[in-house]
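Chemist: Sharing a structure below in structure tokens format, with a few things to ask.
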Amino acid sequence: MIEITEAAASVLKRSQAEGKVIRMFLPSPPNPITGAEWAMALGDAAKNDVILEDKGIKIHIDPLEAEIMRETIIDYVDDERGTGFVIRGPEDEVDSCGSCAHADACDHDHSSCDHDHEGGCGCGCS
């Protein structure tokens, strides 16, 4: 139901504080054009929280919001565009990957793509 990349898990593990949990929430109603825009923060656990776990990281979320969160991917990026968490669904395209001739087979971090990235593949995510 949730995937946390190794990069995100590493940062989240360092960010944990005693007595606090990692909460994921919708700060406002979903935008009809851009969809749900998630936020994360350290907070207090609630007794009705749904707890999603991957790579040893537990994410607390309101039960109603957990339904929306099907197959969410939490990543952490540190590149020329900036630093921070990226929260997306599996159907979301990674920025500029549509221009990659192999976008349908590319995992976007290029660790397991079956095509050559020497000199860049043109997808903008290498």
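Identifiers in the structure tokens: chain A, B, ... in order shown; residue index from 1 per chain; ligand index from 1 in order shown.
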Hey, what's within 6 Å of region 9-25 of chain A if we count only C-alpha atoms and toss same-chain stuff fewer than 6 positions away? As a list in words, please?

Modeler: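 That gives Trp38, Ala39, Met40, Ala41, Leu42, Gly43, Asp44, Ile59, His60 and Ile61 of chain A.
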
Chemist: Could you pull the residues within 6 Å of Ile2 (chain A), counting only C-alpha atoms, minus those fewer than 4 positions along the same chain, as a list in words?

Modeler: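 Close residues of Ile2 (chain A): Glu71, Thr72 and Ile73 of chain A.
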
Chemist: What would the file look like if the residues just selected were written as a PDB file, in the first residue's frame with C-alpha atoms?

Modeler:
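Here's the written file selection.pdb:
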```pdb
ATOM      1  CA  GLU A  71       0.028   2.682  -3.697  1.00  0.00           C
ATOM      2  CA  THR A  72       1.763   5.907  -2.682  1.00  0.00           C
ATOM      3  CA  ILE A  73       5.503   6.244  -3.214  1.00  0.00           C
TER       4      ILE A  73
END
```

Chemist: Could you give me, as a VMD selection string, the residues within 7 Å of Ala8 (chain A), counting only C-alpha atoms and dropping anything in the same chain fewer than 3 positions from it?

Modeler: chain A and resid 4 to 5 11 to 12 74 to 76
